[in-house]
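K.L.:
Sending over target09.pdb (PDB, C-alpha atoms, pLDDT in the B column).
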ATOM      1  CA  MET R   1      35.156 113.235 110.610  1.00 90.00           C
ATOM      2  CA  PHE R   2      35.533 112.839 106.832  1.00 96.00           C
ATOM      3  CA  ARG R   3      36.819 109.322 106.076  1.00 97.00           C
ATOM      4  CA  LEU R   4      37.019 107.371 102.827  1.00 98.00           C
ATOM      5  CA  LYS R   5      36.306 104.170 104.740  1.00 97.00           C
ATOM      6  CA  THR R   6      32.701 105.156 105.482  1.00 97.00           C
ATOM      7  CA  LEU R   7      31.713 106.969 102.261  1.00 98.00           C
ATOM      8  CA  THR R   8      29.088 105.496  99.939  1.00 98.00           C
ATOM      9  CA  ILE R   9      30.631 105.466  96.456  1.00 98.00           C
ATOM     10  CA  LEU R  10      29.119 104.209  93.191  1.00 98.00           C
ATOM     11  CA  GLY R  11      30.637 100.902  92.108  1.00 98.00           C
ATOM     12  CA  SER R  12      30.764 100.943  88.304  1.00 98.00           C
ATOM     13  CA  LYS R  13      29.789 102.741  85.100  1.00 97.00           C
ATOM     14  CA  ALA R  14      27.019 100.169  84.606  1.00 97.00           C
ATOM     15  CA  GLU R  15      25.357 101.403  87.817  1.00 98.00           C
ATOM     16  CA  LEU R  16      24.789 104.845  86.251  1.00 98.00           C
ATOM     17  CA  ALA R  17      21.859 103.283  84.383  1.00 97.00           C
ATOM     18  CA  SER R  18      20.149 102.325  87.653  1.00 97.00           C
ATOM     19  CA  LEU R  19      20.163 105.819  89.202  1.00 98.00           C
ATOM     20  CA  PRO R  20      16.588 106.894  90.005  1.00 97.00           C
ATOM     21  CA  GLU R  21      14.822 109.615  88.017  1.00 97.00           C
ATOM     22  CA  GLY R  22      14.079 112.982  89.612  1.00 97.00           C
ATOM     23  CA  LYS R  23      16.128 115.520  91.563  1.00 98.00           C
ATOM     24  CA  LEU R  24      19.509 113.943  92.263  1.00 98.00           C
ATOM     25  CA  LEU R  25      22.807 115.560  93.262  1.00 98.00           C
ATOM     26  CA  ILE R  26      25.796 113.752  91.726  1.00 98.00           C
ATOM     27  CA  ASN R  27      29.332 114.674  92.851  1.00 98.00           C
ATOM     28  CA  THR R  28      32.746 113.220  92.054  1.00 98.00           C
ATOM     29  CA  ILE R  29      35.633 112.384  94.365  1.00 98.00           C
ATOM     30  CA  ASN R  30      39.363 112.007  93.668  1.00 96.00           C
ATOM     31  CA  ALA R  31      42.533 112.250  95.769  1.00 96.00           C
ATOM     32  CA  HIS R  32      42.645 116.052  95.492  1.00 96.00           C
ATOM     33  CA  SER R  33      39.012 116.585  96.490  1.00 96.00           C
ATOM     34  CA  PHE R  34      39.393 114.103  99.355  1.00 98.00           C
ATOM     35  CA  ASN R  35      42.382 116.048 100.717  1.00 97.00           C
ATOM     36  CA  THR R  36      40.478 119.324 100.338  1.00 97.00           C
ATOM     37  CA  ALA R  37      37.399 117.972 102.119  1.00 98.00           C
ATOM     38  CA  LYS R  38      39.548 116.922 105.107  1.00 97.00           C
ATOM     39  CA  LYS R  39      40.050 120.624 105.905  1.00 96.00           C
ATOM     40  CA  ASP R  40      36.791 122.103 104.519  1.00 98.00           C
ATOM     41  CA  GLN R  41      33.721 121.015 106.473  1.00 98.00           C
ATOM     42  CA  LEU R  42      31.128 122.394 104.031  1.00 98.00           C
ATOM     43  CA  PHE R  43      32.817 120.583 101.158  1.00 98.00           C
ATOM     44  CA  ALA R  44      32.950 117.385 103.236  1.00 98.00           C
ATOM     45  CA  ASP R  45      29.219 117.759 103.994  1.00 98.00           C
ATOM     46  CA  ALA R  46      28.457 118.296 100.296  1.00 98.00           C
ATOM     47  CA  LEU R  47      30.291 115.116  99.291  1.00 98.00           C
ATOM     48  CA  THR R  48      28.908 113.049 102.172  1.00 98.00           C
ATOM     49  CA  ASN R  49      25.286 114.196 101.898  1.00 98.00           C
ATOM     50  CA  GLY R  50      24.859 114.386  98.127  1.00 98.00           C
ATOM     51  CA  ASP R  51      22.792 111.618  96.525  1.00 98.00           C
ATOM     52  CA  VAL R  52      25.549 109.974  94.469  1.00 98.00           C
ATOM     53  CA  LEU R  53      29.352 110.042  94.733  1.00 98.00           C
ATOM     54  CA  ILE R  54      31.376 108.719  91.812  1.00 98.00           C
ATOM     55  CA  PRO R  55      35.055 107.664  92.016  1.00 98.00           C
ATOM     56  CA  ASP R  56      36.757 110.048  89.574  1.00 96.00           C
ATOM     57  CA  GLY R  57      40.244 108.743  90.272  1.00 91.00           C
ATOM     58  CA  VAL R  58      42.073 105.412  90.191  1.00 94.00           C
ATOM     59  CA  SER R  59      43.603 106.404  93.538  1.00 96.00           C
ATOM     60  CA  ILE R  60      40.144 106.298  95.149  1.00 98.00           C
ATOM     61  CA  VAL R  61      39.363 102.861  93.679  1.00 97.00           C
ATOM     62  CA  LYS R  62      42.686 101.411  94.851  1.00 97.00           C
ATOM     63  CA  ALA R  63      42.561 103.080  98.272  1.00 98.00           C
ATOM     64  CA  CYS R  64      39.071 101.679  98.952  1.00 98.00           C
ATOM     65  CA  ARG R  65      40.476  98.172  98.423  1.00 98.00           C
ATOM     66  CA  TRP R  66      43.595  98.864 100.475  1.00 97.00           C
ATOM     67  CA  ILE R  67      41.782 100.189 103.549  1.00 98.00           C
ATOM     68  CA  LYS R  68      38.827  97.755 103.169  1.00 97.00           C
ATOM     69  CA  ALA R  69      36.335 100.615 102.874  1.00 98.00           C
ATOM     70  CA  LYS R  70      32.561 100.177 103.056  1.00 97.00           C
ATOM     71  CA  SER R  71      32.340 100.873  99.305  1.00 98.00           C
ATOM     72  CA  GLN R  72      34.434  98.841  96.872  1.00 98.00           C
ATOM     73  CA  PRO R  73      34.166 100.536  93.460  1.00 98.00           C
ATOM     74  CA  LYS R  74      35.267  98.250  90.624  1.00 97.00           C
ATOM     75  CA  GLU R  75      36.518 101.010  88.316  1.00 97.00           C
ATOM     76  CA  ARG R  76      37.110 104.702  87.918  1.00 96.00           C
ATOM     77  CA  ILE R  77      34.081 106.673  86.708  1.00 97.00           C
ATOM     78  CA  ALA R  78      35.364 109.962  85.328  1.00 95.00           C
ATOM     79  CA  GLY R  79      33.238 113.097  85.237  1.00 96.00           C
ATOM     80  CA  TRP R  80      33.369 112.677  81.459  1.00 97.00           C
ATOM     81  CA  ASP R  81      31.812 109.185  81.770  1.00 97.00           C
ATOM     82  CA  LEU R  82      28.912 110.625  83.758  1.00 98.00           C
ATOM     83  CA  PHE R  83      28.541 113.473  81.266  1.00 98.00           C
ATOM     84  CA  SER R  84      28.524 111.180  78.209  1.00 98.00           C
ATOM     85  CA  PHE R  85      26.062 108.740  79.791  1.00 98.00           C
ATOM     86  CA  GLU R  86      23.565 111.415  80.870  1.00 98.00           C
ATOM     87  CA  MET R  87      23.792 113.426  77.632  1.00 98.00           C
ATOM     88  CA  GLU R  88      23.338 110.377  75.389  1.00 98.00           C
ATOM     89  CA  LYS R  89      20.364 109.192  77.449  1.00 98.00           C
ATOM     90  CA  LEU R  90      18.689 112.604  77.266  1.00 98.00           C
ATOM     91  CA  GLU R  91      19.441 112.883  73.539  1.00 97.00           C
ATOM     92  CA  ARG R  92      17.671 109.560  72.875  1.00 97.00           C
ATOM     93  CA  GLU R  93      14.655 110.644  74.932  1.00 96.00           C
ATOM     94  CA  SER R  94      14.532 114.001  73.157  1.00 96.00           C
ATOM     95  CA  GLU R  95      14.811 112.428  69.700  1.00 94.00           C
ATOM     96  CA  GLU R  96      11.834 110.213  70.523  1.00 93.00           C
ATOM     97  CA  LEU R  97       9.811 113.249  71.632  1.00 88.00           C
ATOM     98  CA  ARG R  98      10.676 115.122  68.453  1.00 81.00           C
ATOM     99  CA  THR R  99       9.341 112.261  66.312  1.00 83.00           C
ATOM    100  CA  LYS R 100       6.009 112.823  68.078  1.00 83.00           C
ATOM    101  CA  SER R 101       6.287 116.597  67.471  1.00 83.00           C
ATOM    102  CA  GLU R 102       6.704 117.183  71.204  1.00 86.00           C
ATOM    103  CA  GLU R 103       9.075 119.660  72.839  1.00 90.00           C
ATOM    104  CA  SER R 104      12.802 118.853  73.127  1.00 93.00           C
ATOM    105  CA  LYS R 105      14.476 118.037  76.412  1.00 97.00           C
ATOM    106  CA  THR R 106      16.540 120.844  77.973  1.00 98.00           C
ATOM    107  CA  VAL R 107      20.095 120.610  79.272  1.00 98.00           C
ATOM    108  CA  MET R 108      21.554 123.534  81.211  1.00 98.00           C
ATOM    109  CA  PHE R 109      25.213 124.415  81.720  1.00 98.00           C
ATOM    110  CA  MET R 110      25.740 126.748  84.691  1.00 98.00           C
ATOM    111  CA  GLY R 111      29.276 128.005  85.226  1.00 97.00           C
ATOM    112  CA  SER R 112      32.427 128.897  83.302  1.00 95.00           C
ATOM    113  CA  SER R 113      32.951 131.876  80.998  1.00 96.00           C
ATOM    114  CA  GLN R 114      30.615 132.960  78.207  1.00 97.00           C
ATOM    115  CA  LYS R 115      33.336 132.053  75.700  1.00 97.00           C
ATOM    116  CA  VAL R 116      33.458 128.438  76.933  1.00 97.00           C
ATOM    117  CA  LEU R 117      29.659 128.233  77.100  1.00 98.00           C
ATOM    118  CA  ASP R 118      29.350 129.474  73.498  1.00 98.00           C
ATOM    119  CA  LEU R 119      31.742 126.712  72.382  1.00 98.00           C
ATOM    120  CA  ILE R 120      29.682 124.166  74.355  1.00 98.00           C
ATOM    121  CA  VAL R 121      26.484 125.297  72.601  1.00 98.00           C
ATOM    122  CA  LYS R 122      28.212 125.007  69.228  1.00 98.00           C
ATOM    123  CA  ARG R 123      29.485 121.460  69.846  1.00 98.00           C
ATOM    124  CA  ALA R 124      26.246 120.295  71.487  1.00 98.00           C
ATOM    125  CA  ALA R 125      24.331 121.315  68.338  1.00 98.00           C
ATOM    126  CA  VAL R 126      26.449 118.753  66.444  1.00 98.00           C
ATOM    127  CA  ASP R 127      26.811 115.977  69.039  1.00 98.00           C
ATOM    128  CA  TYR R 128      23.337 116.223  70.591  1.00 98.00           C
ATOM    129  CA  PRO R 129      21.149 117.853  67.903  1.00 97.00           C
ATOM    130  CA  HIS R 130      17.811 117.064  69.542  1.00 96.00           C
ATOM    131  CA  LEU R 131      18.564 118.832  72.844  1.00 97.00           C
ATOM    132  CA  LYS R 132      17.732 122.392  73.754  1.00 97.00           C
ATOM    133  CA  VAL R 133      20.811 123.939  75.428  1.00 98.00           C
ATOM    134  CA  VAL R 134      20.548 126.739  78.005  1.00 98.00           C
ATOM    135  CA  THR R 135      23.596 128.397  79.607  1.00 98.00           C
ATOM    136  CA  TYR R 136      24.367 130.778  82.454  1.00 98.00           C
ATOM    137  CA  SER R 137      27.757 132.323  83.195  1.00 97.00           C
ATOM    138  CA  PRO R 138      27.986 133.473  86.837  1.00 97.00           C
ATOM    139  CA  PRO R 139      30.227 136.382  87.894  1.00 94.00           C
ATOM    140  CA  TYR R 140      33.910 135.498  88.153  1.00 91.00           C
ATOM    141  CA  LYS R 141      34.651 136.122  91.837  1.00 90.00           C
ATOM    142  CA  PRO R 142      35.633 134.039  94.892  1.00 87.00           C
ATOM    143  CA  GLU R 143      32.365 134.703  96.757  1.00 91.00           C
ATOM    144  CA  PHE R 144      28.928 135.401  95.307  1.00 96.00           C
ATOM    145  CA  SER R 145      26.738 138.111  96.814  1.00 96.00           C
ATOM    146  CA  ASP R 146      23.140 137.365  97.824  1.00 96.00           C
ATOM    147  CA  GLU R 147      22.054 139.058  94.582  1.00 97.00           C
ATOM    148  CA  ASP R 148      24.401 136.837  92.543  1.00 97.00           C
ATOM    149  CA  ASN R 149      23.038 133.710  94.220  1.00 98.00           C
ATOM    150  CA  ARG R 150      19.455 134.793  93.658  1.00 98.00           C
ATOM    151  CA  ALA R 151      20.131 135.460  89.972  1.00 98.00           C
ATOM    152  CA  ILE R 152      21.724 132.014  89.504  1.00 98.00           C
ATOM    153  CA  ILE R 153      18.890 130.231  91.335  1.00 98.00           C
ATOM    154  CA  ASP R 154      16.245 132.138  89.347  1.00 98.00           C
ATOM    155  CA  ALA R 155      17.998 131.354  86.056  1.00 98.00           C
ATOM    156  CA  ILE R 156      18.049 127.628  86.871  1.00 98.00           C
ATOM    157  CA  ASN R 157      14.444 127.540  88.077  1.00 98.00           C
ATOM    158  CA  ASP R 158      13.233 129.544  85.056  1.00 98.00           C
ATOM    159  CA  ALA R 159      15.024 127.149  82.673  1.00 98.00           C
ATOM    160  CA  ASN R 160      13.509 124.147  84.527  1.00 98.00           C
ATOM    161  CA  PRO R 161      16.029 121.825  82.844  1.00 98.00           C
ATOM    162  CA  ASP R 162      15.839 118.069  82.349  1.00 98.00           C
ATOM    163  CA  LEU R 163      19.565 117.869  83.153  1.00 98.00           C
ATOM    164  CA  LEU R 164      21.789 120.418  84.908  1.00 98.00           C
ATOM    165  CA  TRP R 165      25.576 120.638  84.832  1.00 98.00           C
ATOM    166  CA  VAL R 166      27.376 122.897  87.322  1.00 98.00           C
ATOM    167  CA  GLY R 167      30.948 123.843  86.444  1.00 97.00           C
ATOM    168  CA  MET R 168      32.772 126.284  88.720  1.00 94.00           C
ATOM    169  CA  THR R 169      35.726 124.046  89.745  1.00 88.00           C
ATOM    170  CA  ALA R 170      35.921 122.118  93.009  1.00 92.00           C
ATOM    171  CA  PRO R 171      35.144 122.756  95.806  1.00 96.00           C
ATOM    172  CA  LYS R 172      33.162 125.879  94.835  1.00 96.00           C
ATOM    173  CA  GLN R 173      30.693 124.053  92.578  1.00 97.00           C
ATOM    174  CA  GLU R 174      29.873 121.326  95.113  1.00 98.00           C
ATOM    175  CA  LYS R 175      29.534 123.751  98.018  1.00 98.00           C
ATOM    176  CA  TRP R 176      27.314 126.130  96.041  1.00 98.00           C
ATOM    177  CA  THR R 177      24.990 123.405  94.758  1.00 98.00           C
ATOM    178  CA  TYR R 178      24.706 121.733  98.172  1.00 98.00           C
ATOM    179  CA  SER R 179      24.101 125.052  99.979  1.00 98.00           C
ATOM    180  CA  HIS R 180      21.298 126.081  97.587  1.00 98.00           C
ATOM    181  CA  TRP R 181      19.855 122.624  96.925  1.00 98.00           C
ATOM    182  CA  LYS R 182      16.505 123.317  98.607  1.00 98.00           C
ATOM    183  CA  GLU R 183      16.052 126.536  96.620  1.00 98.00           C
ATOM    184  CA  LEU R 184      16.416 124.753  93.284  1.00 98.00           C
ATOM    185  CA  ASN R 185      12.873 123.864  92.224  1.00 98.00           C
ATOM    186  CA  ILE R 186      13.925 121.352  89.600  1.00 98.00           C
ATOM    187  CA  HIS R 187      13.188 117.708  88.825  1.00 97.00           C
ATOM    188  CA  CYS R 188      16.427 116.480  87.253  1.00 98.00           C
ATOM    189  CA  HIS R 189      19.880 115.001  87.755  1.00 98.00           C
ATOM    190  CA  VAL R 190      22.508 117.619  88.680  1.00 98.00           C
ATOM    191  CA  GLY R 191      26.198 116.901  88.131  1.00 98.00           C
ATOM    192  CA  THR R 192      29.130 118.994  89.418  1.00 98.00           C
ATOM    193  CA  ILE R 193      31.727 118.461  86.697  1.00 95.00           C
ATOM    194  CA  GLY R 194      33.871 121.603  86.264  1.00 83.00           C
ATOM    195  CA  ALA R 195      36.708 120.234  84.112  1.00 90.00           C
ATOM    196  CA  VAL R 196      34.281 118.592  81.678  1.00 96.00           C
ATOM    197  CA  PHE R 197      33.053 122.031  80.542  1.00 97.00           C
ATOM    198  CA  ASP R 198      36.541 122.756  79.204  1.00 95.00           C
ATOM    199  CA  PHE R 199      37.021 119.262  77.757  1.00 95.00           C
ATOM    200  CA  PHE R 200      33.722 119.430  75.863  1.00 97.00           C
ATOM    201  CA  ALA R 201      34.340 123.004  74.708  1.00 97.00           C
ATOM    202  CA  GLY R 202      37.811 122.006  73.509  1.00 95.00           C
ATOM    203  CA  THR R 203      39.575 124.717  75.542  1.00 94.00           C
ATOM    204  CA  VAL R 204      41.504 122.074  77.528  1.00 90.00           C
ATOM    205  CA  GLU R 205      42.802 118.870  75.952  1.00 88.00           C
ATOM    206  CA  ARG R 206      41.928 115.650  77.728  1.00 91.00           C
ATOM    207  CA  ALA R 207      44.588 112.938  78.078  1.00 90.00           C
ATOM    208  CA  PRO R 208      44.719 110.419  75.199  1.00 93.00           C
ATOM    209  CA  MET R 209      42.920 107.101  75.777  1.00 92.00           C
ATOM    210  CA  TRP R 210      46.089 105.131  76.653  1.00 94.00           C
ATOM    211  CA  TRP R 211      46.799 107.456  79.607  1.00 92.00           C
ATOM    212  CA  GLN R 212      43.162 107.250  80.742  1.00 90.00           C
ATOM    213  CA  GLU R 213      43.058 103.431  80.552  1.00 88.00           C
ATOM    214  CA  HIS R 214      46.266 103.112  82.599  1.00 87.00           C
ATOM    215  CA  GLY R 215      45.112 105.498  85.348  1.00 85.00           C
ATOM    216  CA  LEU R 216      47.659 108.129  84.329  1.00 89.00           C
ATOM    217  CA  GLU R 217      45.423 111.030  83.342  1.00 90.00           C
ATOM    218  CA  TRP R 218      46.745 112.944  86.357  1.00 89.00           C
ATOM    219  CA  LEU R 219      50.339 112.500  85.113  1.00 90.00           C
ATOM    220  CA  TYR R 220      49.393 113.721  81.648  1.00 91.00           C
ATOM    221  CA  ARG R 221      47.879 116.880  83.161  1.00 89.00           C
ATOM    222  CA  LEU R 222      50.969 117.357  85.333  1.00 89.00           C
ATOM    223  CA  LEU R 223      53.278 117.078  82.305  1.00 92.00           C
ATOM    224  CA  LYS R 224      51.122 119.476  80.289  1.00 89.00           C
ATOM    225  CA  GLU R 225      50.782 122.097  83.061  1.00 88.00           C
ATOM    226  CA  PRO R 226      53.588 121.504  85.602  1.00 91.00           C
ATOM    227  CA  LYS R 227      53.507 125.022  87.110  1.00 91.00           C
ATOM    228  CA  ARG R 228      49.782 124.859  87.795  1.00 88.00           C
ATOM    229  CA  MET R 229      49.494 121.200  88.733  1.00 89.00           C
ATOM    230  CA  TRP R 230      52.651 120.235  90.636  1.00 92.00           C
ATOM    231  CA  ARG R 231      51.271 121.102  94.079  1.00 92.00           C
ATOM    232  CA  ARG R 232      47.999 119.272  93.437  1.00 89.00           C
ATOM    233  CA  TYR R 233      49.601 116.068  92.184  1.00 91.00           C
ATOM    234  CA  ILE R 234      53.050 115.783  93.766  1.00 92.00           C
ATOM    235  CA  ILE R 235      52.268 117.142  97.241  1.00 95.00           C
ATOM    236  CA  GLY R 236      48.589 116.157  96.990  1.00 95.00           C
ATOM    237  CA  ASN R 237      49.242 112.508  96.108  1.00 94.00           C
ATOM    238  CA  ALA R 238      51.728 112.174  98.977  1.00 96.00           C
ATOM    239  CA  LEU R 239      49.179 113.734 101.361  1.00 97.00           C
ATOM    240  CA  PHE R 240      46.462 111.349 100.118  1.00 97.00           C
ATOM    241  CA  LEU R 241      48.753 108.375 100.805  1.00 96.00           C
ATOM    242  CA  TRP R 242      49.396 109.707 104.309  1.00 97.00           C
ATOM    243  CA  ASN R 243      45.658 110.143 104.911  1.00 96.00           C
ATOM    244  CA  MET R 244      45.025 106.565 103.740  1.00 97.00           C
ATOM    245  CA  THR R 245      47.781 105.247 106.007  1.00 96.00           C
ATOM    246  CA  LYS R 246      46.045 106.922 108.953  1.00 95.00           C
ATOM    247  CA  GLU R 247      42.699 105.361 107.976  1.00 96.00           C
TER     248      GLU R 247
END
How does this structure look as structure tokens?

P.N.:
Amino acid sequence: MFRLKTLTILGSKAELASLPEGKLLINTINAHSFNTAKKDQLFADALTNGDVLIPDGVSIVKACRWIKAKSQPKERIAGWDLFSFEMEKLERESEELRTKSEESKTVMFMGSSQKVLDLIVKRAAVDYPHLKVVTYSPPYKPEFSDEDNRAIIDAINDANPDLLWVGMTAPKQEKWTYSHWKELNIHCHVGTIGAVFDFFAGTVERAPMWWQEHGLEWLYRLLKEPKRMWRRYIIGNALFLWNMTKE
């Protein structure tokens, strides 16, 4: 049974610096993904059995305190926080290599449309000039064929990145990465951070800092896109509260 009470969740942004090197699957959890995982066993397995789970939602942080969960995260760690930390770390390492005339570090973005990926490459050249950026846009369909999966796996293995971002929206991105984890012959941190692709590309506007600091990023998104987000946040938040009451 998928329960918040027993999940192992990272405690703070500071702990990102202590994550071990090597192949590591990093997922995020918020109220919406928790609700989804309650009725999707593969998604629940992906979140439970990944290497690191970060609390991408104030609701998760508060609920862990309320139900006296095993993990007691001190703060929300957004997907963007993970992204910024990992990219800045890799940029510093790559800059050092370049001063020694050695090859740059490689970051790969797998997911999203070619248009978004092109915008990511453009911005990364400015924000992270010492990194080599590789992208792969998978077919836009609910289910990948065996050929699609093979092509994605081969593209990742051929790139052999030093950091891999997977962005196909939840729960698809987590389920895909978890299901094909053993076939990925890579040595790096892998983060499933769908929305961050759009934030970094500039195709979706992130909530201003005041909303983020007050745990209201969800409300900002709801106000900006009520037709698309009302079910996720109004019904979803009520369902999350009900699930926490049961726990």

K.L.:
Mind pulling up the distance from CA of Gly50 (chain R) to CA of Ile152 (chain R)?

P.N.:
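Between CA of Ile152 (chain R) and CA of Gly50 (chain R) the gap works out to 19.9 Å.
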
K.L.:
Using the chain letters and numbers from this file, what does the PyMOL selection byres ((chain R and resi 70) around 10) select? Give the answer as a ChimeraX atom specification.

P.N.:
/R:4-9,64-65,67-69,71-73

K.L.:
Restrict the selected residues to C-alpha atoms and save them as a CSV table (one decimal), in the coordinates of the input.

P.N.:
chain,number,residue,atom,x,y,z
R,4,LEU,CA,37.0,107.4,102.8
R,5,LYS,CA,36.3,104.2,104.7
R,6,THR,CA,32.7,105.2,105.5
R,7,LEU,CA,31.7,107.0,102.3
R,8,THR,CA,29.1,105.5,99.9
R,9,ILE,CA,30.6,105.5,96.5
R,64,CYS,CA,39.1,101.7,99.0
R,65,ARG,CA,40.5,98.2,98.4
R,67,ILE,CA,41.8,100.2,103.5
R,68,LYS,CA,38.8,97.8,103.2
R,69,ALA,CA,36.3,100.6,102.9
R,71,SER,CA,32.3,100.9,99.3
R,72,GLN,CA,34.4,98.8,96.9
R,73,PRO,CA,34.2,100.5,93.5

K.L.:
Closest to Gly11 (chain R) among R:Leu239, R:Ser101, R:Leu164, R:Lys74, using all atoms listed in the file?

P.N.:
R:Lys74

K.L.:
I'd like to see the residues matched by the PyMOL selection byres ((chain R and resi 16-21) around 9) on this file, and ideally I'd get them as a short mmCIF file (atom, residue, chain, number, x, y, z; two decimals) with C-alpha atoms, in the coordinates of the input.

P.N.:
data_model
loop_
_atom_site.label_atom_id
_atom_site.label_comp_id
_atom_site.auth_asym_id
_atom_site.auth_seq_id
_atom_site.Cartn_x
_atom_site.Cartn_y
_atom_site.Cartn_z
CA LEU R 10 29.12 104.21 93.19
CA SER R 12 30.76 100.94 88.30
CA LYS R 13 29.79 102.74 85.10
CA ALA R 14 27.02 100.17 84.61
CA GLU R 15 25.36 101.40 87.82
CA GLY R 22 14.08 112.98 89.61
CA LYS R 23 16.13 115.52 91.56
CA LEU R 24 19.51 113.94 92.26
CA VAL R 52 25.55 109.97 94.47
CA LEU R 82 28.91 110.62 83.76
CA PHE R 85 26.06 108.74 79.79
CA GLU R 86 23.56 111.42 80.87
CA HIS R 187 13.19 117.71 88.82
CA CYS R 188 16.43 116.48 87.25
CA HIS R 189 19.88 115.00 87.76
#

K.L.:
From the set R:Trp181, R:Trp230, R:Trp66, R:Phe200, which residue has the shortest atom-to-atom contact distance to Asp127 (chain R), counting only C-alpha atoms?

P.N.:
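When distances to Asp127 (chain R) are compared using only C-alpha atoms, the smallest one comes from R:Phe200.
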
K.L.:
Box in all listed atoms of region 94-113 of chain R, axis-aligned, with 6 Å more on each side; write out centre and edge lengths in Å to one decimal as lines of an AutoDock Vina configuration file.

P.N.:
center_x = 19.5
center_y = 121.0
center_z = 75.8
size_x = 38.9
size_y = 33.7
size_z = 30.9

K.L.:
Output as a CSV table (one decimal), in the coordinates of the input: region 21-33 of chain R, completed with N, CA and C atoms.

P.N.:
chain,number,residue,atom,x,y,z
R,21,GLU,N,15.2,108.4,88.7
R,21,GLU,CA,14.8,109.6,88.0
R,21,GLU,C,14.6,110.7,89.1
R,22,GLY,N,14.4,111.9,88.7
R,22,GLY,CA,14.1,113.0,89.6
R,22,GLY,C,15.3,113.8,90.1
R,23,LYS,N,15.1,114.6,91.1
R,23,LYS,CA,16.1,115.5,91.6
R,23,LYS,C,17.2,114.7,92.3
R,24,LEU,N,18.4,114.8,91.7
R,24,LEU,CA,19.5,113.9,92.3
R,24,LEU,C,20.8,114.7,92.2
R,25,LEU,N,21.5,114.8,93.3
R,25,LEU,CA,22.8,115.6,93.3
R,25,LEU,C,24.0,114.6,93.1
R,26,ILE,N,24.7,114.7,92.0
R,26,ILE,CA,25.8,113.8,91.7
R,26,ILE,C,27.1,114.5,91.8
R,27,ASN,N,28.0,114.1,92.7
R,27,ASN,CA,29.3,114.7,92.9
R,27,ASN,C,30.4,113.6,92.5
R,28,THR,N,31.6,114.1,92.3
R,28,THR,CA,32.7,113.2,92.1
R,28,THR,C,33.8,113.4,93.2
R,29,ILE,N,34.6,112.3,93.4
R,29,ILE,CA,35.6,112.4,94.4
R,29,ILE,C,36.9,111.8,93.8
R,30,ASN,N,38.0,112.5,94.0
R,30,ASN,CA,39.4,112.0,93.7
R,30,ASN,C,40.3,112.3,94.8
R,31,ALA,N,41.6,112.0,94.7
R,31,ALA,CA,42.5,112.2,95.8
R,31,ALA,C,42.6,113.7,96.2
R,32,HIS,N,42.6,114.6,95.2
R,32,HIS,CA,42.6,116.1,95.5
R,32,HIS,C,41.4,116.5,96.3
R,33,SER,N,40.2,116.1,95.8
R,33,SER,CA,39.0,116.6,96.5
R,33,SER,C,38.9,116.0,97.9
